[in-house]
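Q: I have a structure I would like to understand better, so I am pasting it below and will then ask my questions one at a time.
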Amino acid sequence: MTTTLAFADEPKAVRYDADDMIASLEDNDPSKHEELTIEDGRLKVVGDGEGIGWFSDSQGPLLYKDVTGDFMIETEVSMHRKDGEAGLPEGNFSSAGLIVRAPGGTQGNENWLMFNIGFQNRFYGRELKVTRPMSIPKEENPLYDAGFHSLSTLYLLPEENTEPMKLRVARIGDELRSYYFTDGQWHEQALQQGMEVFGNGINEPVSEFGNGHFRPNGMNLPETVQAGILVNAGIDGTSFAPKRDGYALFSYVEIAPISNFDEALN
């Protein structure tokens, strides 16, 4: 069982490099990825296995720590073509990043927030996704009969920069906020031109859009959550069949205690 980070005895940030990620992070399901390796000092994760990745009740690669209380998790990640050619993967949702998740998710009862970068739905950019337990009649879930019982809402945000990107997710109480690093500074993820919103539960309110920001605050997460890195391995956008044409490189993972959200901008 993974060791829980509560920061009572270790009040400073805990940082994991590529070797540490393999040795110290819990692997949710090794069948979801090829053997973990290190490339140019970064952890290489190649998605594999059944399912369509992190959408509704489906799962993909996940390496995590159990974390209690208020904290911030950060990584630097990039996506690459599996065939070695230049450019980006073309499988839909061939992406990788961060997740904060309630442990023990079951069908219809998954509860998490994901923030990633990669090739999304027809364009390269960030994805901010909230998945939560189903609390509406199945007749209102258009994908229920396809097996997608937990409700996912996807916020897809175009991004021109395809270089490795630093991402953060911060949790204080029952509120989560997401951040990305560009132009030499941290920015909280906000609504932006070109953003797409869809999923199998988009009519269910999941957040407050105060001052143009996305700040989920009604997810009812437990005190201890899984905080880690994940990969969406890529699918065919029409058939949902696997299209595993990419892999992710993670430079590091850092988990730190915080007392207010302003710290996530430093």
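Identifiers for the structure tokens are assigned positionally: chains receive A, B, ... in sequence, residues are indexed from 1 per chain, and ligands are indexed from 1 in the order shown.
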Residues within 12 Å of A:Leu154, please, as a count of residues only. Count only C-alpha atoms; anything in the same chain fewer than 4 positions from it doesn't count.
A: 28
Q: Would you give me, as number ranges by chain, the residues in stretch 9-230 of chain A that DSSP reads as strand (DSSP E or B)?
A: A: 14-16, 26-27, 33, 37-39, 42-45, 47, 62-68, 71-81, 92-101, 112-119, 124-132, 151-158, 165-172, 175-182, 185-188, 190, 196-199, 208, 213, 215, 224-230
Q: Extract the full set of helix (DSSP H, G or I) residues from stretch 45-250 of chain A according to DSSP on the backbone, and format it as a ChimeraX atom specification.
A: /A:138-140,144-146,210-212
Q: Which is closest to A:Leu62 among A:Ala6, A:Ile258, A:Leu249, A:Ala227, if we use only C-alpha atoms?
A: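 Using only C-alpha atoms, the shortest distance to A:Leu62 belongs to A:Ala227.
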Q: Of the residues A:Asp245, A:Glu74, A:Glu163, A:Glu110, which is the one nearest to A:Met219, using only C-alpha atoms?
A: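 Under the stated criterion, the closest residue is A:Glu110.
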Q: Sorted by chain and rising residue number, list the residues of stretch 149-259 of chain A at most 9 Å from stretch 18-28 of chain A (counting only C-alpha atoms), each with its closest atom pair and distance in Å to one decimal, as JSON lines.
A:
```
{"residue": "A:Gly228", "atom": "CA", "partner": "A:Leu25", "partner_atom": "CA", "distance": 8.1}
{"residue": "A:Phe250", "atom": "CA", "partner": "A:Ala18", "partner_atom": "CA", "distance": 7.4}
{"residue": "A:Ser251", "atom": "CA", "partner": "A:Ala18", "partner_atom": "CA", "distance": 6.6}
{"residue": "A:Tyr252", "atom": "CA", "partner": "A:Ala18", "partner_atom": "CA", "distance": 6.2}
{"residue": "A:Val253", "atom": "CA", "partner": "A:Met21", "partner_atom": "CA", "distance": 7.5}
```
Q: Quick one: pull the distance between atom CA of A:Ala170 and atom CA of A:Pro89, Å, one decimal.
A: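 Distance reported for this atom pair: 28.3 Å.
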